[in-house]
$ cat target_33.csv   # CSV, C-alpha atoms and all ligand atoms
chain,number,residue,atom,x,y,z
A,1,MET,CA,12.9,27.7,1.9
A,2,MET,CA,9.2,28.7,1.7
A,3,LEU,CA,6.9,27.8,4.6
A,4,LEU,CA,3.4,26.7,3.9
A,5,GLY,CA,0.7,26.2,6.5
A,6,SER,CA,-1.3,28.3,9.0
A,7,PRO,CA,0.8,30.0,11.8
A,8,GLN,CA,-1.9,29.1,14.3
A,9,ALA,CA,-1.5,25.5,13.5
A,10,LEU,CA,2.1,25.7,14.5
A,11,LYS,CA,1.9,27.6,17.7
A,12,SER,CA,2.1,24.4,19.8
A,13,ALA,CA,5.7,23.9,18.8
A,14,ARG,CA,8.3,26.1,17.1
A,15,PRO,CA,11.5,25.3,15.3
A,16,GLY,CA,13.9,23.8,17.7
A,17,GLU,CA,11.2,22.9,20.2
A,18,LYS,CA,10.2,19.3,21.0
A,19,GLY,CA,7.5,18.1,18.7
A,20,PHE,CA,8.2,20.6,15.9
A,21,LYS,CA,9.7,17.9,13.7
A,22,ASP,CA,6.5,15.9,13.9
A,23,GLN,CA,4.5,18.8,12.6
A,24,MET,CA,6.6,19.5,9.6
A,25,THR,CA,7.6,17.8,6.5
A,26,SER,CA,9.1,19.0,3.3
A,27,ARG,CA,8.5,18.5,-0.4
A,28,MET,CA,10.1,19.5,-3.6
A,29,VAL,CA,7.8,21.8,-5.6
A,30,ASP,CA,9.1,23.2,-8.9
A,31,GLY,CA,12.6,22.4,-7.9
A,32,GLN,CA,12.4,24.2,-4.6
A,33,ARG,CA,12.2,22.5,-1.2
A,34,ILE,CA,9.3,23.7,0.8
A,35,ARG,CA,8.4,23.0,4.4
A,36,ILE,CA,4.8,22.1,5.0
A,37,MET,CA,2.6,21.0,7.8
A,38,THR,CA,2.2,17.3,8.0
A,39,ARG,CA,-1.3,16.1,7.4
A,40,ARG,CA,-1.5,14.9,11.0
A,41,THR,CA,-0.6,18.4,12.2
A,42,PHE,CA,-3.2,19.9,9.9
A,43,LEU,CA,-5.8,17.5,11.2
A,44,THR,CA,-4.9,18.3,14.8
A,45,ALA,CA,-4.8,22.0,14.1
A,46,ALA,CA,-8.1,21.8,12.2
A,47,GLY,CA,-9.4,19.2,14.6
A,48,ALA,CA,-12.6,21.0,15.4
A,49,SER,CA,-13.6,21.6,11.9
A,50,VAL,CA,-12.7,18.1,10.7
A,51,THR,CA,-14.5,16.5,13.6
A,52,ALA,CA,-17.5,18.7,12.9
A,53,GLY,CA,-17.4,17.5,9.3
A,54,LEU,CA,-17.9,13.9,10.4
A,55,THR,CA,-21.4,12.6,10.1
A,56,GLN,CA,-22.9,10.1,12.6
A,57,GLN,CA,-21.6,7.3,10.4
A,58,GLY,CA,-18.2,8.8,10.8
A,59,PHE,CA,-17.4,9.9,7.2
A,60,PRO,CA,-16.7,13.4,6.2
A,61,GLN,CA,-19.4,15.4,4.4
A,62,LYS,CA,-16.6,16.6,2.2
A,63,ALA,CA,-13.0,15.8,2.0
A,64,PRO,CA,-11.1,17.3,4.9
A,65,GLY,CA,-9.6,20.6,3.7
A,66,ASN,CA,-6.1,20.2,2.4
A,67,PRO,CA,-3.8,23.1,2.8
A,68,LEU,CA,-0.9,21.1,1.3
A,69,PRO,CA,-0.1,21.3,-2.4
A,70,ARG,CA,-1.0,18.0,-4.1
A,71,PRO,CA,2.2,16.4,-5.3
A,72,SER,CA,2.9,17.9,-8.6
A,73,ALA,CA,3.7,16.0,-11.8
A,74,THR,CA,7.2,14.5,-12.0
A,75,GLN,CA,9.3,14.5,-15.1
A,76,GLY,CA,11.8,11.7,-14.3
A,77,ARG,CA,11.1,8.1,-15.4
A,78,PRO,CA,10.8,5.5,-14.2
A,79,LEU,CA,8.4,6.9,-11.6
A,80,ILE,CA,7.9,4.2,-8.9
A,81,VAL,CA,5.5,4.5,-6.0
A,82,SER,CA,4.8,1.9,-3.3
A,83,THR,CA,3.3,1.4,0.1
A,84,TRP,CA,4.9,2.0,3.5
A,85,PRO,CA,8.5,3.1,4.4
A,86,PHE,CA,9.8,-0.4,3.4
A,87,GLY,CA,8.6,0.5,-0.1
A,88,LYS,CA,11.6,2.8,-0.4
A,89,PRO,CA,14.3,0.2,-0.6
A,90,ALA,CA,12.0,-1.9,-2.8
A,91,ASN,CA,11.5,1.0,-5.2
A,92,GLU,CA,15.2,1.5,-5.3
A,93,ARG,CA,15.8,-2.1,-6.2
A,94,ALA,CA,13.1,-1.7,-8.9
A,95,ARG,CA,14.9,1.3,-10.2
A,96,GLU,CA,18.2,-0.6,-10.3
A,97,MET,CA,16.6,-3.4,-12.2
A,98,TYR,CA,14.9,-1.0,-14.6
A,99,ALA,CA,18.3,0.6,-15.3
A,100,GLN,CA,19.6,-2.9,-16.2
A,101,THR,CA,16.8,-4.2,-18.4
A,102,GLY,CA,14.6,-1.2,-19.2
A,103,ASN,CA,11.6,-3.5,-18.4
A,104,GLY,CA,8.9,-2.3,-16.1
A,105,LEU,CA,7.8,-5.8,-15.2
A,106,ASP,CA,11.3,-6.9,-14.3
A,107,ALA,CA,11.5,-3.8,-12.1
A,108,ILE,CA,8.3,-4.5,-10.3
A,109,GLU,CA,9.1,-8.1,-9.7
A,110,ALA,CA,12.6,-7.4,-8.4
A,111,GLY,CA,11.4,-4.6,-6.1
A,112,ILE,CA,8.7,-6.8,-4.6
A,113,ARG,CA,11.1,-9.7,-4.3
A,114,LEU,CA,13.3,-7.6,-2.0
A,115,THR,CA,10.4,-7.1,0.4
A,116,GLU,CA,9.4,-10.7,0.2
A,117,SER,CA,12.9,-11.7,1.2
A,118,ASP,CA,12.8,-9.5,4.3
A,119,ILE,CA,12.3,-11.7,7.3
A,120,SER,CA,11.7,-8.7,9.5
A,121,ASN,CA,8.6,-7.8,7.5
A,122,ALA,CA,5.8,-9.7,9.2
A,123,SER,CA,3.2,-9.4,6.4
A,124,VAL,CA,5.1,-10.1,3.1
A,125,GLY,CA,6.8,-13.3,2.1
A,126,ILE,CA,9.0,-15.3,4.5
A,127,GLY,CA,8.5,-14.2,8.0
A,128,GLY,CA,4.9,-13.4,7.3
A,129,ILE,CA,2.3,-14.0,10.0
A,130,PRO,CA,0.7,-17.4,9.5
A,131,ASN,CA,-2.9,-18.4,9.4
A,132,ALA,CA,-4.9,-19.8,12.3
A,133,GLN,CA,-3.3,-23.2,11.8
A,134,GLY,CA,0.2,-21.8,11.8
A,135,VAL,CA,0.7,-22.0,8.0
A,136,VAL,CA,1.9,-19.0,6.0
A,137,GLN,CA,-0.3,-18.5,3.0
A,138,LEU,CA,0.7,-15.8,0.6
A,139,ASP,CA,-1.2,-13.7,-2.0
A,140,ALA,CA,0.3,-11.8,-4.9
A,141,CYS,CA,-0.5,-10.3,-8.3
A,142,ILE,CA,1.1,-8.4,-11.1
A,143,MET,CA,-0.2,-6.4,-13.9
A,144,ALA,CA,1.2,-5.0,-17.2
A,145,GLY,CA,-0.5,-2.0,-18.8
A,146,PRO,CA,0.6,-2.9,-22.3
A,147,GLY,CA,-1.8,-5.7,-23.4
A,148,HIS,CA,-3.8,-5.3,-20.1
A,149,ARG,CA,-2.2,-8.5,-18.8
A,150,ALA,CA,-2.5,-9.9,-15.3
A,151,GLY,CA,-1.4,-12.8,-13.2
A,152,SER,CA,-2.2,-13.8,-9.7
A,153,VAL,CA,-1.7,-16.4,-7.0
A,154,ALA,CA,-3.7,-16.8,-3.7
A,155,GLY,CA,-3.2,-18.9,-0.6
A,156,ILE,CA,0.1,-20.2,-2.0
A,157,GLU,CA,2.3,-22.1,0.5
A,158,ASP,CA,6.1,-22.8,0.6
A,159,ILE,CA,7.0,-20.5,-2.3
A,160,LEU,CA,9.5,-17.8,-1.4
A,161,HIS,CA,8.5,-15.4,-4.1
A,162,PRO,CA,4.7,-15.3,-4.9
A,163,ILE,CA,5.2,-12.2,-7.1
A,164,SER,CA,7.3,-14.3,-9.4
A,165,ALA,CA,4.7,-17.0,-9.4
A,166,ALA,CA,2.1,-14.4,-10.3
A,167,ARG,CA,4.2,-13.2,-13.2
A,168,LEU,CA,4.6,-16.8,-14.5
A,169,VAL,CA,0.9,-17.3,-14.3
A,170,MET,CA,0.5,-14.2,-16.5
A,171,GLU,CA,3.3,-15.2,-18.9
A,172,LYS,CA,3.1,-19.0,-19.1
A,173,THR,CA,-0.6,-19.8,-18.8
A,174,PRO,CA,-3.9,-18.7,-20.4
A,175,HIS,CA,-5.2,-18.0,-16.9
A,176,VAL,CA,-5.1,-15.0,-14.6
A,177,MET,CA,-5.3,-16.6,-11.2
A,178,LEU,CA,-4.2,-19.9,-9.5
A,179,VAL,CA,-4.9,-20.7,-5.9
A,180,GLY,CA,-3.7,-23.0,-3.2
A,181,ASP,CA,-2.1,-26.3,-4.0
A,182,GLY,CA,-2.5,-25.8,-7.8
A,183,ALA,CA,-0.6,-22.5,-7.5
A,184,ARG,CA,2.1,-24.1,-5.4
A,185,LYS,CA,2.6,-27.0,-7.8
A,186,PHE,CA,2.7,-24.7,-10.8
A,187,ALA,CA,5.3,-22.5,-9.1
A,188,LEU,CA,7.4,-25.6,-8.3
A,189,GLU,CA,7.1,-26.9,-11.9
A,190,GLN,CA,8.3,-23.5,-13.1
A,191,GLY,CA,11.4,-23.9,-10.9
A,192,LEU,CA,10.6,-21.3,-8.3
A,193,GLU,CA,12.4,-21.5,-5.0
A,194,SER,CA,10.5,-23.2,-2.1
A,195,GLY,CA,11.2,-23.1,1.6
A,196,ASP,CA,9.7,-22.9,5.0
A,197,LEU,CA,8.1,-19.5,5.3
A,198,LEU,CA,7.3,-19.8,9.0
A,199,THR,CA,10.2,-18.3,10.9
A,200,PRO,CA,10.9,-19.4,14.5
A,201,ASN,CA,9.8,-15.9,15.7
A,202,GLN,CA,6.5,-16.1,14.0
A,203,LYS,CA,6.0,-19.7,15.1
A,204,GLN,CA,6.5,-18.7,18.7
A,205,ARG,CA,4.1,-15.8,18.3
A,206,TRP,CA,1.5,-18.1,16.7
A,207,MET,CA,1.8,-20.6,19.6
A,208,GLU,CA,1.2,-17.7,22.0
A,209,TRP,CA,-1.8,-16.6,20.0
A,210,VAL,CA,-3.2,-20.2,20.0
A,211,ALA,CA,-2.7,-20.4,23.7
A,212,ALA,CA,-4.6,-17.1,24.2
A,213,GLN,CA,-7.5,-18.1,22.0
A,214,ARG,CA,-10.9,-18.2,23.4
A,215,ARG,CA,-13.5,-20.5,21.9
A,216,THR,CA,-14.6,-18.1,19.4
A,217,TYR,CA,-12.4,-17.5,16.4
A,218,GLN,CA,-10.7,-14.1,16.8
A,219,PRO,CA,-8.1,-13.2,14.2
A,220,GLU,CA,-5.4,-10.7,15.0
A,221,LYS,CA,-6.7,-7.2,14.8
A,222,PRO,CA,-6.2,-6.3,11.1
A,223,GLU,CA,-4.9,-2.9,11.9
A,224,ASP,CA,-1.9,-4.6,13.5
A,225,ASN,CA,-0.9,-6.0,10.1
A,226,HIS,CA,-0.6,-3.3,7.6
A,227,ASP,CA,2.5,-4.4,5.7
A,228,THR,CA,1.4,-5.4,2.2
A,229,ILE,CA,3.6,-4.1,-0.6
A,230,ALA,CA,1.7,-2.6,-3.5
A,231,MET,CA,4.0,-1.0,-6.1
A,232,VAL,CA,3.1,0.9,-9.3
A,233,LEU,CA,5.5,2.1,-12.0
A,234,MET,CA,5.5,4.3,-15.1
A,235,ASP,CA,8.4,3.7,-17.5
A,236,GLU,CA,10.2,6.0,-19.9
A,237,LYS,CA,7.6,5.3,-22.6
A,238,GLY,CA,4.7,6.1,-20.3
A,239,ASP,CA,3.7,2.5,-19.9
A,240,LEU,CA,2.3,1.4,-16.5
A,241,TYR,CA,3.0,-1.7,-14.4
A,242,GLY,CA,2.1,-2.8,-10.9
A,243,GLY,CA,2.4,-5.6,-8.4
A,244,CYS,CA,1.2,-6.5,-4.9
A,245,SER,CA,2.3,-9.1,-2.3
A,246,THR,CA,1.2,-10.0,1.2
A,247,SER,CA,0.8,-12.8,3.7
A,248,GLY,CA,-2.6,-11.1,4.5
A,249,TRP,CA,-4.5,-10.9,7.7
A,250,GLY,CA,-2.6,-12.4,10.6
A,251,TYR,CA,-4.1,-15.7,11.9
A,252,LYS,CA,-6.7,-15.6,9.2
A,253,LEU,CA,-9.0,-18.6,8.6
A,254,PRO,CA,-7.1,-21.0,6.4
A,255,GLY,CA,-8.0,-20.4,2.8
A,256,ARG,CA,-8.9,-16.7,3.4
A,257,VAL,CA,-7.9,-14.6,0.5
A,258,GLY,CA,-7.7,-10.8,0.7
A,259,ASP,CA,-7.7,-8.0,-1.8
A,260,SER,CA,-4.1,-8.1,-2.7
A,261,PRO,CA,-4.2,-10.9,-5.4
A,262,ILE,CA,-7.6,-9.6,-6.7
A,263,ILE,CA,-7.2,-7.6,-9.9
A,264,GLY,CA,-9.2,-4.4,-9.4
A,265,GLY,CA,-9.1,-4.9,-5.6
A,266,GLY,CA,-5.6,-4.6,-4.3
A,267,LEU,CA,-4.1,-3.5,-7.6
A,268,TYR,CA,-5.3,-2.1,-10.9
A,269,VAL,CA,-3.4,-0.8,-14.0
A,270,ASP,CA,-5.1,0.9,-17.0
A,271,ASN,CA,-2.4,1.9,-19.5
A,272,GLU,CA,-4.5,4.8,-20.7
A,273,ILE,CA,-5.2,6.3,-17.3
A,274,GLY,CA,-3.1,5.3,-14.4
A,275,ALA,CA,-2.4,2.6,-11.8
A,276,ALA,CA,-3.5,2.1,-8.2
A,277,GLY,CA,-2.7,-0.2,-5.3
A,278,ALA,CA,-4.1,-0.8,-1.8
A,279,THR,CA,-3.0,-1.9,1.6
A,280,GLY,CA,-5.0,-2.4,4.7
A,281,LEU,CA,-8.0,-4.6,5.6
A,282,GLY,CA,-8.7,-6.4,2.3
A,283,GLU,CA,-12.3,-7.2,3.2
A,284,ASN,CA,-13.0,-3.4,3.1
A,285,VAL,CA,-11.2,-3.0,-0.3
A,286,MET,CA,-12.3,-6.0,-2.3
A,287,ARG,CA,-16.0,-5.5,-1.7
A,288,TYR,CA,-15.7,-2.2,-3.5
A,289,CYS,CA,-13.2,-3.0,-6.3
A,290,GLY,CA,-11.1,-0.3,-4.6
A,291,SER,CA,-8.1,0.0,-6.9
A,292,PHE,CA,-10.3,-0.1,-9.9
A,293,LEU,CA,-12.4,2.7,-8.5
A,294,VAL,CA,-9.3,4.8,-7.9
A,295,VAL,CA,-8.4,4.4,-11.6
A,296,GLU,CA,-11.9,5.2,-12.6
A,297,PHE,CA,-11.9,8.4,-10.6
A,298,MET,CA,-8.6,9.4,-12.3
A,299,ARG,CA,-10.3,8.7,-15.6
A,300,GLN,CA,-12.9,11.4,-14.6
A,301,GLY,CA,-10.0,13.8,-14.3
A,302,MET,CA,-9.1,13.6,-10.6
A,303,HIS,CA,-5.6,14.0,-9.4
A,304,PRO,CA,-4.3,10.6,-8.0
A,305,GLU,CA,-4.5,11.8,-4.4
A,306,GLU,CA,-8.0,13.1,-4.9
A,307,ALA,CA,-9.0,9.8,-6.5
A,308,CYS,CA,-7.7,7.9,-3.5
A,309,VAL,CA,-9.6,10.2,-1.1
A,310,GLU,CA,-12.8,9.9,-3.2
A,311,THR,CA,-12.5,6.1,-3.2
A,312,ILE,CA,-12.3,6.0,0.6
A,313,ARG,CA,-15.2,8.4,0.9
A,314,ARG,CA,-17.3,6.2,-1.4
A,315,ILE,CA,-16.4,3.2,0.6
A,316,ALA,CA,-17.2,5.0,3.8
A,317,LYS,CA,-20.5,6.1,2.5
A,318,LEU,CA,-21.6,2.6,1.7
A,319,ASP,CA,-20.0,0.8,4.7
A,320,PRO,CA,-21.6,0.7,8.1
A,321,ARG,CA,-18.3,1.1,9.9
A,322,PRO,CA,-17.0,4.5,11.0
A,323,ILE,CA,-14.4,5.6,8.6
A,324,HIS,CA,-11.5,5.3,11.0
A,325,ASP,CA,-12.4,1.6,11.4
A,326,LEU,CA,-12.1,0.8,7.7
A,327,ALA,CA,-8.3,0.5,7.9
A,328,ILE,CA,-7.7,1.0,4.2
A,329,ASN,CA,-5.1,2.9,2.2
A,330,PHE,CA,-4.6,3.6,-1.5
A,331,LEU,CA,-1.9,5.0,-3.7
A,332,ALA,CA,-2.0,5.9,-7.3
A,333,ILE,CA,-0.1,7.4,-10.3
A,334,ASN,CA,-1.4,8.8,-13.5
A,335,LYS,CA,-0.1,9.1,-17.0
A,336,LYS,CA,1.0,12.7,-16.4
A,337,GLY,CA,3.4,11.5,-13.7
A,338,GLU,CA,1.3,12.8,-10.8
A,339,TYR,CA,1.0,10.6,-7.7
A,340,GLY,CA,-0.7,10.6,-4.4
A,341,ALA,CA,-2.1,8.5,-1.6
A,342,ALA,CA,-4.8,8.5,1.1
A,343,GLY,CA,-5.7,6.5,4.2
A,344,SER,CA,-8.9,6.1,6.1
A,345,SER,CA,-6.8,7.0,9.2
A,346,SER,CA,-3.7,9.1,9.5
A,347,GLY,CA,-0.4,7.3,9.5
A,348,PHE,CA,-0.2,5.8,6.1
A,349,GLN,CA,3.2,6.5,4.5
A,350,TYR,CA,4.3,5.7,1.0
A,351,ALA,CA,7.5,5.8,-0.9
A,352,ILE,CA,8.2,7.6,-4.2
A,353,THR,CA,11.3,7.0,-6.2
A,354,LEU,CA,12.6,8.8,-9.3
A,355,PRO,CA,15.9,8.4,-11.2
A,356,ASP,CA,17.4,11.1,-8.9
A,357,GLN,CA,15.6,10.8,-5.6
A,358,SER,CA,13.8,8.5,-3.3
A,359,ARG,CA,11.6,9.6,-0.4
A,360,VAL,CA,8.9,8.5,2.0
A,361,LEU,CA,5.8,10.7,2.2
A,362,LYS,CA,2.7,10.9,4.5
A,363,SER,CA,-0.6,10.4,2.7
A,364,ALA,CA,-3.7,12.4,2.9
A,365,ALA,CA,-6.0,11.1,5.7
A,366,LEU,CA,-9.7,11.0,6.0
A,367,SER,CA,-9.9,10.8,9.8
A,368,ASN,CA,-7.6,11.9,12.5
A,369,VAL,CA,-7.4,8.5,14.2
A,370,ASN,CA,-3.8,7.4,13.9
A,371,GLU,CA,-3.0,3.9,12.8
A,372,ILE,CA,-0.2,2.4,14.7
A,373,PRO,CA,0.9,-0.6,12.6
A,374,LEU,CA,2.6,-3.3,14.6
A,375,GLY,CA,2.9,-6.1,12.1
A,376,GLY,CA,6.6,-5.6,11.4
A,377,ASN,CA,6.0,-2.4,9.5
A,378,ARG,CA,7.7,0.7,11.0
A,379,LEU,CA,6.7,4.2,10.2
A,380,THR,CA,9.4,6.7,9.8
A,381,ASP,CA,10.1,10.3,11.0
A,382,ASP,CA,12.6,10.6,8.2
A,383,ILE,CA,10.2,12.3,5.8
B,401,LIG,C1,-5.1,-8.3,3.0
B,401,LIG,N1,-4.7,-6.1,2.1
B,401,LIG,O1,-4.8,-9.5,2.9
B,401,LIG,C2,-4.1,-7.3,2.7
B,401,LIG,C3,-3.3,-7.0,4.0
B,401,LIG,C4,-2.7,-5.6,4.0
B,401,LIG,O2,-1.7,-4.0,5.1
B,401,LIG,O3,-2.6,-4.9,3.1
B,401,LIG,N2,-2.2,-5.2,5.1
B,401,LIG,O4,-6.2,-7.9,3.4
$ encode --input "target_33.csv" --output "structure tokens" --more "lines below"
Ligand code: SD4
Amino acid sequence: MMLLGSPQALKSARPGEKGFKDQMTSRMVDGQRIRIMTRRTFLTAAGASVTAGLTQQGFPQKAPGNPLPRPSATQGRPLIVSTWPFGKPANERAREMYAQTGNGLDAIEAGIRLTESDISNASVGIGGIPNAQGVVQLDACIMAGPGHRAGSVAGIEDILHPISAARLVMEKTPHVMLVGDGARKFALEQGLESGDLLTPNQKQRWMEWVAAQRRTYQPEKPEDNHDTIAMVLMDEKGDLYGGCSTSGWGYKLPGRVGDSPIIGGGLYVDNEIGAAGATGLGENVMRYCGSFLVVEFMRQGMHPEEACVETIRRIAKLDPRPIHDLAINFLAINKKGEYGAAGSSSGFQYAITLPDQSRVLKSAALSNVNEIPLGGNRLTDDI
């Protein structure tokens, strides 16, 4: 096993010592498993230089140095990449469906439906955090590279699988996006399953939130709710697909729509170039056409990880907030089978699944402030 990374960076903990595991991760490179410093370790180790690289606005003059090899191109297909550790079982479900039907859209829909069904996930499907009035309103979209087709629903209520509603919008209507009650009625007409999306646990939490409210409207801090699933896939022919599903910002104003159902915002697929998806504070993604921008950077020849980093840097350059307050994360794949991800803070994890393996990875990070998501999403040490 090769070891990459600076020895100085590792002197705070050695193999066998407490804390060592946090510093190290491993990755397959050219068929060989290599141990590498985690991005967080690198940022800590390189803390002085990274911090020195931040401008007063809080964004780096140049991307933080990256001692890690960028993930190299994969050969196996389908290649499936999605947000957060819970993306791993969703990817595996997508892979299973792909094996049955050979259809990338079926795979995306099945994978995301698994996450939508997970009551413990507080930001996708049933069990999602409701809006300020205690109503769960869901956003989702789906996109197919071939034909550049897309479907989307926003602010949909009572429908257990908004990703399926989005697919039906794409396949059964001449439209791209349906919202609110129209989306709900359409989904019901199409025979989609309906039900009460507000679980007793979320109802209780919402009542506590209401009780704690001051006069001014104050939604849950968005960084506590990073649980959207965005999934992208390349099939055996090299065709690209993607989907995204979320209950959005916890205790949002009724009717608020985030980036996740916005084509080019929370998701974008260009069958010639690649596909990208987002998770995080949608207001900071949709104002910049974030996923579209990632794909455009890949069109310019950037590796998917570099394209994600560059997109966050662009957003940070335009946005008045310090970079670590942006709370945005992107992932991407390209036609070569390369993949990557980046977050405005450290702590974003994403899942990659191939026919013979499935793993959770840490993304590149543009600041060393750690996100600690609480909205039902659990980060993993099992990387
Ligand atoms: C939204 N982007 O509605 C979604 C929420 C999210 O991780 O991704 N959270 O803004």
$ closest_residue --input "target_33.csv" --among "A:Leu366, A:Ala90, A:Ala278, A:Leu168" --to "Gly265 in chain A" --atoms "only C-alpha atoms"
A:Ala278
$ atom_distance --input "target_33.csv" --atom1 "CA of Thr246 in chain A" --atom2 "CA of Met177 in chain A"
15.5 Å
$ closest_atom_pairs --input "target_33.csv" --of "chain A" --to "ligand LIG 401 (chain B)" --cutoff "8 Å" --atoms "only C-alpha atoms and all ligand atoms" --output "JSON lines"
{"residue": "A:Ser123", "atom": "CA", "partner": "B:LIG401", "partner_atom": "N2", "distance": 7.0}
{"residue": "A:Asp139", "atom": "CA", "partner": "B:LIG401", "partner_atom": "O1", "distance": 7.4}
{"residue": "A:Pro222", "atom": "CA", "partner": "B:LIG401", "partner_atom": "N2", "distance": 7.3}
{"residue": "A:Glu223", "atom": "CA", "partner": "B:LIG401", "partner_atom": "O2", "distance": 7.6}
{"residue": "A:Asn225", "atom": "CA", "partner": "B:LIG401", "partner_atom": "N2", "distance": 5.2}
{"residue": "A:His226", "atom": "CA", "partner": "B:LIG401", "partner_atom": "O2", "distance": 2.8}
{"residue": "A:Asp227", "atom": "CA", "partner": "B:LIG401", "partner_atom": "O2", "distance": 4.3}
{"residue": "A:Thr228", "atom": "CA", "partner": "B:LIG401", "partner_atom": "O3", "distance": 4.1}
{"residue": "A:Ile229", "atom": "CA", "partner": "B:LIG401", "partner_atom": "O3", "distance": 7.3}
{"residue": "A:Thr246", "atom": "CA", "partner": "B:LIG401", "partner_atom": "C3", "distance": 6.1}
{"residue": "A:Ser247", "atom": "CA", "partner": "B:LIG401", "partner_atom": "O1", "distance": 6.5}
{"residue": "A:Gly248", "atom": "CA", "partner": "B:LIG401", "partner_atom": "O1", "distance": 3.2}
{"residue": "A:Trp249", "atom": "CA", "partner": "B:LIG401", "partner_atom": "O1", "distance": 5.0}
{"residue": "A:Val257", "atom": "CA", "partner": "B:LIG401", "partner_atom": "O1", "distance": 6.4}
{"residue": "A:Gly258", "atom": "CA", "partner": "B:LIG401", "partner_atom": "O1", "distance": 3.9}
{"residue": "A:Asp259", "atom": "CA", "partner": "B:LIG401", "partner_atom": "N1", "distance": 5.3}
{"residue": "A:Ser260", "atom": "CA", "partner": "B:LIG401", "partner_atom": "N1", "distance": 5.2}
{"residue": "A:Gly266", "atom": "CA", "partner": "B:LIG401", "partner_atom": "N1", "distance": 6.6}
{"residue": "A:Ala278", "atom": "CA", "partner": "B:LIG401", "partner_atom": "O3", "distance": 6.6}
{"residue": "A:Thr279", "atom": "CA", "partner": "B:LIG401", "partner_atom": "O3", "distance": 3.4}
{"residue": "A:Gly280", "atom": "CA", "partner": "B:LIG401", "partner_atom": "O2", "distance": 3.7}
{"residue": "A:Leu281", "atom": "CA", "partner": "B:LIG401", "partner_atom": "O4", "distance": 4.4}
{"residue": "A:Gly282", "atom": "CA", "partner": "B:LIG401", "partner_atom": "O4", "distance": 3.1}
{"residue": "A:Glu283", "atom": "CA", "partner": "B:LIG401", "partner_atom": "O4", "distance": 6.1}
{"residue": "A:Val285", "atom": "CA", "partner": "B:LIG401", "partner_atom": "N1", "distance": 7.6}
{"residue": "A:Ile328", "atom": "CA", "partner": "B:LIG401", "partner_atom": "O2", "distance": 7.9}
$ closest_residue --input "target_33.csv" --among "A:Gly277, A:Pro85, A:Gly155, A:Gly147" --to "Leu233 in chain A" --atoms "all atoms listed in the file"
A:Gly277
$ atom_distance --input "target_33.csv" --atom1 "CA of Gln357 in chain A" --atom2 "CA of Glu92 in chain A"
9.3 Å
$ residues_around --input "target_33.csv" --residues "Ser358 in chain A" --least-positions-apart "6" --cutoff "8 Å" --atoms "all atoms listed in the file" --output "list of chain:residue names"
A:Lys88, A:Glu92, A:Ala351, A:Ile352
$ closest_residue --input "target_33.csv" --among "A:Ile263, A:Ile142, A:Cys308, A:Ala276" --to "Ala107 in chain A" --atoms "all atoms listed in the file"
A:Ile142
$ closest_residue --input "target_33.csv" --among "A:Ser120, A:Thr173, A:Thr74, A:Ser344" --to "Phe186 in chain A" --atoms "all atoms listed in the file"
A:Thr173
$ closest_residue --input "target_33.csv" --among "A:Lys335, A:His175, A:His161, A:Arg113" --to "Asp239 in chain A" --atoms "only C-alpha atoms"
A:Lys335
$ residues_around --input "target_33.csv" --residues "Gly111 in chain A" --least-positions-apart "6" --cutoff "12 Å" --atoms "only C-alpha atoms" --output "MDAnalysis selection string"
chainID A and resid 80:83 86:98 104:105 117:118 161 163:164 229:233 242:245 353
$ atom_distance --input "target_33.csv" --atom1 "CA of Gln100 in chain A" --atom2 "CA of Glu116 in chain A"
20.8 Å
$ closest_residue --input "target_33.csv" --among "A:Gly347, A:Gly274, A:Gly337, A:Gly127" --to "Ala73 in chain A" --atoms "all atoms listed in the file"
A:Gly337
$ residues_around --input "target_33.csv" --residues "Trp209 in chain A" --least-positions-apart "4" --cutoff "9 Å" --atoms "only C-alpha atoms" --output "PyMOL selection string"
chain A and resi 132+204-205+213+220+251
$ decode --input "target_33.csv" --residues "range 193-216 of chain A" --atoms "C-alpha atoms" --output "compact mmCIF listing (two decimals), in the first residue's frame"
# COMPACT_ATOMS: atom_id res chain seq x y z
CA GLU A 193 -49.08 6.86 -4.37
CA SER A 194 -50.17 9.55 -1.91
CA GLY A 195 -49.93 9.72 1.85
CA ASP A 196 -49.21 11.88 4.86
CA LEU A 197 -45.61 12.97 4.53
CA LEU A 198 -45.45 14.54 7.99
CA THR A 199 -44.20 11.94 10.44
CA PRO A 200 -45.09 12.21 14.16
CA ASN A 201 -41.45 12.98 14.94
CA GLN A 202 -41.31 15.86 12.46
CA LYS A 203 -44.69 17.12 13.63
CA GLN A 204 -43.40 17.25 17.19
CA ARG A 205 -40.22 19.07 16.11
CA TRP A 206 -42.29 21.52 14.06
CA MET A 207 -44.54 22.26 17.06
CA GLU A 208 -41.45 22.92 19.17
CA TRP A 209 -40.10 25.19 16.44
CA VAL A 210 -43.39 27.11 16.30
CA ALA A 211 -43.34 27.51 20.06
CA ALA A 212 -39.82 28.86 19.93
CA GLN A 213 -40.54 31.33 17.16
CA ARG A 214 -40.01 34.95 17.77
CA ARG A 215 -42.08 37.49 15.89
CA THR A 216 -39.70 37.65 13.01
